[in-house]
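This report concerns only the one structure given below.
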Amino acid sequence: MLALDIISDFMTPEQALARLQQQCSRSEHSTGQVRSRLKRWDAKERMQGRPGFSAIQMDDIVASLVKERFVDDSRFAGAYVRDKARFAKWGPAKIKYNLKMLGVEEGIIKDALEENGEMFVQDALRELAVRKWKSMKQETDVYMKRAKLVRFLVGRGFSYSQIMEFMKDLG
């Protein structure tokens, strides 16, 4: 979510562009997030009896941000994949789903996962599996323990085939 939700005065498209440039220079955002922000600002303007933005103005603002490279979905998706795999320990399925929700196109998501994800995904899978396995000390039945581990890892966004490959390597 972008910062600066408060609008004090009538907002022109030029002011909206300037605010979005400022926000996008601080951190990566997708075009979907930018469009969502513009729609929220438009709704607030209209609720206060002001004209708001037309669809053409919104498209022009987004196009300007893309042209000036304030917004780049490929760059955003790459950073998102690296961060979520490394720090949140998410698997590819969960990352893909969340990128779709943020308005990133399927092809860009696929490229970002192929470029950035595999190394981090394997490390995240291994780290999560080991941590979860150690935390299930009270479970004595090995089959139940493995089933719980698989359910946990699937919930984190790893595919069943990735999990089984990892389990096979463990022995």
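Ordering of the structure tokens sets the chain letters (A, B, ...), residue numbers begin anew at 1 in every chain, and ligands are numbered from 1 in the order given.
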
* Spatial neighbours of A:Met119, 12 Å, only C-alpha atoms, chain gap at least 2 places, as a list in words ->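 Answer for this query is Val81, Arg82, Ala85, Arg86, Lys89, Gly91, Pro92, Leu113, Glu114, Glu115, Asn116, Gly117, Val121, Gln122, Asp123, Ala124, Leu125 and Arg126 of chain A.
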
Can I get the selection written as a short mmCIF file (atom, residue, chain, number, x, y, z; two decimals), in the first residue's frame, with all heavy atoms?
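File produced: result.cif:
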```cif
data_model
loop_
_atom_site.label_atom_id
_atom_site.label_comp_id
_atom_site.auth_asym_id
_atom_site.auth_seq_id
_atom_site.Cartn_x
_atom_site.Cartn_y
_atom_site.Cartn_z
N VAL A 81 9.82 -11.00 -5.71
CA VAL A 81 10.17 -12.42 -5.62
C VAL A 81 11.35 -12.62 -4.68
O VAL A 81 11.32 -13.50 -3.81
CB VAL A 81 10.48 -13.00 -7.03
CG1 VAL A 81 11.12 -14.37 -6.93
CG2 VAL A 81 9.21 -13.06 -7.86
N ARG A 82 12.40 -11.83 -4.86
CA ARG A 82 13.58 -11.97 -4.00
C ARG A 82 13.24 -11.73 -2.53
O ARG A 82 13.63 -12.52 -1.66
CB ARG A 82 14.67 -10.99 -4.44
CG ARG A 82 15.41 -11.41 -5.68
CD ARG A 82 16.60 -10.51 -5.96
NE ARG A 82 16.24 -9.10 -6.14
CZ ARG A 82 15.82 -8.57 -7.27
NH1 ARG A 82 15.72 -9.32 -8.36
NH2 ARG A 82 15.52 -7.29 -7.34
N ALA A 85 10.76 -14.56 -1.10
CA ALA A 85 11.41 -15.87 -0.99
C ALA A 85 12.47 -15.84 0.11
O ALA A 85 12.59 -16.78 0.89
CB ALA A 85 12.03 -16.27 -2.32
N ARG A 86 13.21 -14.76 0.17
CA ARG A 86 14.32 -14.69 1.13
C ARG A 86 13.85 -14.39 2.55
O ARG A 86 14.27 -15.05 3.50
CB ARG A 86 15.30 -13.61 0.70
CG ARG A 86 16.55 -13.57 1.59
CD ARG A 86 17.49 -12.45 1.27
NE ARG A 86 17.89 -12.47 -0.12
CZ ARG A 86 18.44 -11.43 -0.74
NH1 ARG A 86 18.64 -10.31 -0.09
NH2 ARG A 86 18.77 -11.50 -2.00
N LYS A 89 9.97 -16.31 3.33
CA LYS A 89 10.06 -17.76 3.08
C LYS A 89 8.82 -18.29 2.36
O LYS A 89 8.29 -19.34 2.68
CB LYS A 89 10.27 -18.55 4.39
CG LYS A 89 11.41 -18.07 5.24
CD LYS A 89 12.73 -18.26 4.59
CE LYS A 89 13.85 -17.84 5.52
NZ LYS A 89 14.95 -17.23 4.83
N GLY A 91 6.84 -19.72 -1.01
CA GLY A 91 7.10 -20.53 -2.18
C GLY A 91 6.57 -19.85 -3.44
O GLY A 91 5.88 -18.83 -3.37
N PRO A 92 6.88 -20.41 -4.61
CA PRO A 92 6.50 -19.80 -5.87
C PRO A 92 5.00 -19.61 -6.06
O PRO A 92 4.57 -18.61 -6.63
CB PRO A 92 7.05 -20.74 -6.93
CG PRO A 92 7.93 -21.69 -6.24
CD PRO A 92 7.67 -21.61 -4.79
N LEU A 113 10.00 -15.14 -11.58
CA LEU A 113 10.20 -16.37 -10.81
C LEU A 113 11.36 -17.19 -11.38
O LEU A 113 12.15 -17.76 -10.63
CB LEU A 113 8.92 -17.20 -10.78
CG LEU A 113 7.84 -16.69 -9.84
CD1 LEU A 113 6.53 -17.44 -10.07
CD2 LEU A 113 8.26 -16.83 -8.38
N GLU A 114 11.47 -17.24 -12.70
CA GLU A 114 12.56 -17.99 -13.32
C GLU A 114 13.91 -17.34 -13.04
O GLU A 114 14.88 -18.02 -12.77
CB GLU A 114 12.33 -18.11 -14.82
CG GLU A 114 11.23 -19.06 -15.19
CD GLU A 114 10.91 -19.06 -16.68
OE1 GLU A 114 11.54 -18.29 -17.45
OE2 GLU A 114 10.02 -19.82 -17.08
N GLU A 115 13.97 -16.02 -13.13
CA GLU A 115 15.24 -15.31 -12.94
C GLU A 115 15.70 -15.29 -11.50
O GLU A 115 16.88 -15.47 -11.22
CB GLU A 115 15.10 -13.85 -13.40
CG GLU A 115 15.04 -13.66 -14.88
CD GLU A 115 14.84 -12.20 -15.24
OE1 GLU A 115 15.17 -11.32 -14.42
OE2 GLU A 115 14.34 -11.95 -16.35
N ASN A 116 14.79 -15.04 -10.59
CA ASN A 116 15.18 -14.74 -9.21
C ASN A 116 14.84 -15.82 -8.20
O ASN A 116 15.45 -15.85 -7.14
CB ASN A 116 14.49 -13.45 -8.76
CG ASN A 116 14.82 -12.29 -9.63
OD1 ASN A 116 15.98 -11.94 -9.75
ND2 ASN A 116 13.83 -11.69 -10.25
N GLY A 117 13.88 -16.63 -8.50
CA GLY A 117 13.29 -17.43 -7.44
C GLY A 117 13.95 -18.74 -7.08
O GLY A 117 13.95 -19.12 -5.93
N VAL A 121 14.14 -20.06 -3.40
CA VAL A 121 13.05 -20.99 -3.11
C VAL A 121 13.59 -22.25 -2.45
O VAL A 121 13.05 -22.72 -1.44
CB VAL A 121 12.25 -21.32 -4.39
CG1 VAL A 121 11.36 -22.51 -4.18
CG2 VAL A 121 11.44 -20.11 -4.81
N GLN A 122 14.66 -22.81 -3.00
CA GLN A 122 15.24 -24.02 -2.42
C GLN A 122 15.76 -23.76 -1.00
O GLN A 122 15.57 -24.59 -0.11
CB GLN A 122 16.36 -24.56 -3.32
CG GLN A 122 15.86 -25.07 -4.65
CD GLN A 122 14.81 -26.16 -4.50
OE1 GLN A 122 14.90 -27.03 -3.63
NE2 GLN A 122 13.78 -26.09 -5.31
N ASP A 123 16.40 -22.62 -0.81
CA ASP A 123 16.89 -22.27 0.52
C ASP A 123 15.74 -22.09 1.50
O ASP A 123 15.81 -22.56 2.64
CB ASP A 123 17.72 -20.98 0.47
CG ASP A 123 19.03 -21.15 -0.28
OD1 ASP A 123 19.46 -22.31 -0.47
OD2 ASP A 123 19.61 -20.13 -0.69
N ALA A 124 14.69 -21.42 1.06
CA ALA A 124 13.53 -21.18 1.93
C ALA A 124 12.85 -22.50 2.27
O ALA A 124 12.48 -22.73 3.43
CB ALA A 124 12.54 -20.24 1.25
N LEU A 125 12.69 -23.37 1.29
CA LEU A 125 12.06 -24.68 1.52
C LEU A 125 12.86 -25.46 2.55
O LEU A 125 12.30 -26.00 3.51
CB LEU A 125 11.96 -25.45 0.21
CG LEU A 125 11.45 -26.88 0.29
CD1 LEU A 125 10.04 -26.92 0.84
CD2 LEU A 125 11.50 -27.53 -1.08
N ARG A 126 14.15 -25.51 2.38
CA ARG A 126 15.01 -26.26 3.29
C ARG A 126 14.93 -25.68 4.71
O ARG A 126 14.73 -26.42 5.68
CB ARG A 126 16.46 -26.22 2.79
CG ARG A 126 17.42 -27.05 3.59
CD ARG A 126 18.82 -27.06 2.99
NE ARG A 126 18.80 -27.62 1.64
CZ ARG A 126 18.94 -26.89 0.51
NH1 ARG A 126 19.11 -25.60 0.57
NH2 ARG A 126 18.90 -27.47 -0.67
#
```

* Asked: Near stretch 56-68 of chain A, counting only C-alpha atoms, which residues have an atom at most 12 Å away, once you skip same-chain residues fewer than 2 positions from it, shown as a ChimeraX atom specification?
  -> /A:12-25,28-42,51-54,70-76

Just to be explicit: take each residue in the selection above, keep N, CA, C and O atoms, and write the result as a short mmCIF file (atom, residue, chain, number, x, y, z; two decimals), in the first residue's frame.
```
data_model
loop_
_atom_site.label_atom_id
_atom_site.label_comp_id
_atom_site.auth_asym_id
_atom_site.auth_seq_id
_atom_site.Cartn_x
_atom_site.Cartn_y
_atom_site.Cartn_z
N THR A 12 -5.18 18.01 -8.62
CA THR A 12 -5.14 18.00 -10.07
C THR A 12 -4.37 16.78 -10.54
O THR A 12 -3.61 16.18 -9.77
N PRO A 13 -4.51 16.40 -11.80
CA PRO A 13 -3.71 15.28 -12.32
C PRO A 13 -2.21 15.53 -12.20
O PRO A 13 -1.44 14.59 -11.94
N GLU A 14 -1.79 16.77 -12.34
CA GLU A 14 -0.36 17.10 -12.20
C GLU A 14 0.11 16.86 -10.77
O GLU A 14 1.22 16.36 -10.55
N GLN A 15 -0.73 17.21 -9.80
CA GLN A 15 -0.38 16.98 -8.40
C GLN A 15 -0.35 15.48 -8.09
O GLN A 15 0.52 15.02 -7.35
N ALA A 16 -1.30 14.76 -8.65
CA ALA A 16 -1.33 13.32 -8.45
C ALA A 16 -0.06 12.68 -9.03
O ALA A 16 0.55 11.82 -8.40
N LEU A 17 0.33 13.12 -10.22
CA LEU A 17 1.55 12.61 -10.84
C LEU A 17 2.77 12.91 -9.98
O LEU A 17 3.61 12.04 -9.75
N ALA A 18 2.86 14.12 -9.46
CA ALA A 18 4.00 14.50 -8.62
C ALA A 18 4.05 13.66 -7.35
O ALA A 18 5.13 13.19 -6.94
N ARG A 19 2.89 13.44 -6.72
CA ARG A 19 2.85 12.61 -5.50
C ARG A 19 3.27 11.17 -5.81
O ARG A 19 4.01 10.56 -5.04
N LEU A 20 2.77 10.65 -6.91
CA LEU A 20 3.12 9.27 -7.26
C LEU A 20 4.60 9.15 -7.64
O LEU A 20 5.23 8.15 -7.31
N GLN A 21 5.15 10.16 -8.29
CA GLN A 21 6.58 10.14 -8.59
C GLN A 21 7.39 10.10 -7.30
O GLN A 21 8.37 9.36 -7.19
N GLN A 22 6.97 10.89 -6.34
CA GLN A 22 7.66 10.93 -5.06
C GLN A 22 7.58 9.57 -4.36
O GLN A 22 8.58 9.06 -3.86
N GLN A 23 6.40 8.97 -4.35
CA GLN A 23 6.21 7.69 -3.69
C GLN A 23 6.97 6.57 -4.40
O GLN A 23 7.59 5.73 -3.76
N CYS A 24 6.92 6.59 -5.72
CA CYS A 24 7.58 5.53 -6.50
C CYS A 24 9.10 5.67 -6.49
O CYS A 24 9.80 4.69 -6.75
N SER A 25 9.61 6.85 -6.19
CA SER A 25 11.06 7.01 -6.10
C SER A 25 11.58 6.45 -4.77
O SER A 25 12.76 6.12 -4.67
N GLU A 28 9.61 0.40 -4.73
CA GLU A 28 9.03 -0.18 -5.94
C GLU A 28 7.53 -0.38 -5.77
O GLU A 28 7.05 -0.80 -4.71
N HIS A 29 6.80 -0.09 -6.85
CA HIS A 29 5.36 -0.31 -6.89
C HIS A 29 4.99 -0.83 -8.27
O HIS A 29 5.65 -0.51 -9.26
N SER A 30 3.92 -1.61 -8.32
CA SER A 30 3.44 -2.13 -9.61
C SER A 30 2.45 -1.13 -10.22
O SER A 30 1.92 -0.26 -9.52
N THR A 31 2.20 -1.31 -11.51
CA THR A 31 1.21 -0.44 -12.16
C THR A 31 -0.17 -0.67 -11.54
O THR A 31 -0.96 0.26 -11.44
N GLY A 32 -0.44 -1.89 -11.12
CA GLY A 32 -1.71 -2.18 -10.46
C GLY A 32 -1.87 -1.41 -9.16
O GLY A 32 -2.96 -0.90 -8.85
N GLN A 33 -0.80 -1.31 -8.39
CA GLN A 33 -0.86 -0.55 -7.14
C GLN A 33 -1.07 0.94 -7.43
O GLN A 33 -1.82 1.61 -6.72
N VAL A 34 -0.40 1.45 -8.46
CA VAL A 34 -0.54 2.86 -8.82
C VAL A 34 -1.97 3.15 -9.28
O VAL A 34 -2.58 4.14 -8.88
N ARG A 35 -2.52 2.27 -10.12
CA ARG A 35 -3.91 2.45 -10.58
C ARG A 35 -4.88 2.41 -9.39
O ARG A 35 -5.83 3.20 -9.34
N SER A 36 -4.65 1.51 -8.49
CA SER A 36 -5.50 1.40 -7.31
C SER A 36 -5.45 2.68 -6.48
O SER A 36 -6.48 3.18 -6.01
N ARG A 37 -4.26 3.23 -6.33
CA ARG A 37 -4.11 4.48 -5.58
C ARG A 37 -4.86 5.61 -6.28
O ARG A 37 -5.56 6.38 -5.64
N LEU A 38 -4.72 5.70 -7.60
CA LEU A 38 -5.42 6.75 -8.35
C LEU A 38 -6.93 6.60 -8.21
O LEU A 38 -7.65 7.60 -8.06
N LYS A 39 -7.43 5.38 -8.24
CA LYS A 39 -8.87 5.16 -8.09
C LYS A 39 -9.36 5.58 -6.70
O LYS A 39 -10.44 6.15 -6.56
N ARG A 40 -8.54 5.30 -5.67
CA ARG A 40 -8.91 5.73 -4.32
C ARG A 40 -8.93 7.25 -4.22
O ARG A 40 -9.84 7.82 -3.61
N TRP A 41 -7.92 7.88 -4.78
CA TRP A 41 -7.88 9.34 -4.76
C TRP A 41 -9.08 9.91 -5.53
O TRP A 41 -9.69 10.88 -5.10
N ASP A 42 -9.41 9.30 -6.66
CA ASP A 42 -10.55 9.74 -7.46
C ASP A 42 -11.84 9.62 -6.65
O ASP A 42 -12.66 10.54 -6.62
N PRO A 51 -14.34 17.17 -9.06
CA PRO A 51 -14.43 16.41 -10.31
C PRO A 51 -13.66 15.10 -10.35
O PRO A 51 -14.02 14.19 -11.08
N GLY A 52 -12.58 14.95 -9.60
CA GLY A 52 -11.81 13.71 -9.64
C GLY A 52 -11.01 13.59 -10.92
O GLY A 52 -10.68 14.58 -11.58
N PHE A 53 -10.71 12.35 -11.32
CA PHE A 53 -9.91 12.08 -12.51
C PHE A 53 -10.72 11.27 -13.50
O PHE A 53 -11.47 10.38 -13.11
N SER A 54 -10.51 11.51 -14.76
CA SER A 54 -11.15 10.68 -15.78
C SER A 54 -10.26 9.45 -16.01
O SER A 54 -9.09 9.43 -15.62
N PHE A 70 9.57 5.40 -13.31
CA PHE A 70 9.24 5.41 -11.90
C PHE A 70 8.57 4.09 -11.54
O PHE A 70 8.69 3.61 -10.41
N VAL A 71 7.84 3.52 -12.50
CA VAL A 71 7.14 2.26 -12.31
C VAL A 71 7.60 1.30 -13.40
O VAL A 71 7.60 1.65 -14.58
N ASP A 72 8.02 0.13 -12.98
CA ASP A 72 8.44 -0.92 -13.91
C ASP A 72 8.02 -2.26 -13.31
O ASP A 72 8.58 -2.68 -12.29
N ASP A 73 7.02 -2.89 -13.91
CA ASP A 73 6.50 -4.13 -13.36
C ASP A 73 7.55 -5.24 -13.31
O ASP A 73 7.55 -6.05 -12.38
N SER A 74 8.45 -5.29 -14.27
CA SER A 74 9.51 -6.31 -14.26
C SER A 74 10.44 -6.11 -13.07
O SER A 74 10.79 -7.07 -12.37
N ARG A 75 10.83 -4.89 -12.86
CA ARG A 75 11.72 -4.57 -11.74
C ARG A 75 11.01 -4.84 -10.41
O ARG A 75 11.59 -5.43 -9.49
N PHE A 76 9.73 -4.44 -10.33
CA PHE A 76 8.95 -4.67 -9.12
C PHE A 76 8.81 -6.17 -8.84
O PHE A 76 9.03 -6.61 -7.71
#
```

* Nearest to A:Arg46 among A:Glu165, A:Met11, A:Ala129, A:Lys94, with distances taken over only C-alpha atoms: which residue is it? ->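 Result for the nearest residue to A:Arg46: A:Met11.
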
* Among the residues A:Ala79, A:Lys110, A:Met167, A:Met136, the one that comes closest to A:Ser27 [using only C-alpha atoms] -> A:Ala79

* Separation of atom CA of A:Lys96 and atom CA of A:Ile109, in Å? ->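 Atom CA of A:Lys96 sits 6.5 Å away from atom CA of A:Ile109.
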
* Asked: In stretch 84-116 of chain A, what's helix (DSSP H, G or I) per DSSP? Answer as a ChimeraX atom specification?
  -> /A:84-86,92-101,106-116

Which polymer residues have any atom within 8 Å of an atom of A:Ala93, counting only C-alpha atoms, with same-chain residues fewer than 4 positions away left out, as a compact mmCIF listing (two decimals) with all heavy atoms, in the first residue's frame?
```txt
# COMPACT_ATOMS: atom_id res chain seq x y z
N TYR A 97 0.57 -15.87 -6.79
CA TYR A 97 -0.79 -15.43 -6.46
C TYR A 97 -0.80 -13.97 -6.01
O TYR A 97 -1.63 -13.17 -6.44
CB TYR A 97 -1.38 -16.33 -5.37
CG TYR A 97 -2.71 -15.86 -4.86
CD1 TYR A 97 -3.87 -16.09 -5.59
CD2 TYR A 97 -2.81 -15.16 -3.67
CE1 TYR A 97 -5.10 -15.63 -5.14
CE2 TYR A 97 -4.02 -14.70 -3.21
CZ TYR A 97 -5.17 -14.94 -3.94
OH TYR A 97 -6.38 -14.48 -3.50
N GLY A 157 3.23 -22.11 -0.08
CA GLY A 157 3.34 -21.82 -1.50
C GLY A 157 4.30 -22.70 -2.27
O GLY A 157 4.63 -22.40 -3.42
N PHE A 158 4.75 -23.79 -1.68
CA PHE A 158 5.63 -24.71 -2.39
C PHE A 158 4.79 -25.79 -3.05
O PHE A 158 3.77 -26.21 -2.51
CB PHE A 158 6.65 -25.33 -1.43
CG PHE A 158 7.57 -24.34 -0.80
CD1 PHE A 158 7.32 -23.83 0.47
CD2 PHE A 158 8.67 -23.87 -1.49
CE1 PHE A 158 8.15 -22.89 1.04
CE2 PHE A 158 9.51 -22.93 -0.93
CZ PHE A 158 9.25 -22.45 0.33
N SER A 159 5.23 -26.25 -4.21
CA SER A 159 4.47 -27.28 -4.91
C SER A 159 4.74 -28.64 -4.27
O SER A 159 5.78 -28.86 -3.64
CB SER A 159 4.86 -27.32 -6.39
OG SER A 159 6.16 -27.84 -6.54
```

* Selected residue of minimal separation from A:Ile163 among A:Asn98, A:Ser135, A:Leu128, A:Gly107, counting only C-alpha atoms -> A:Leu128
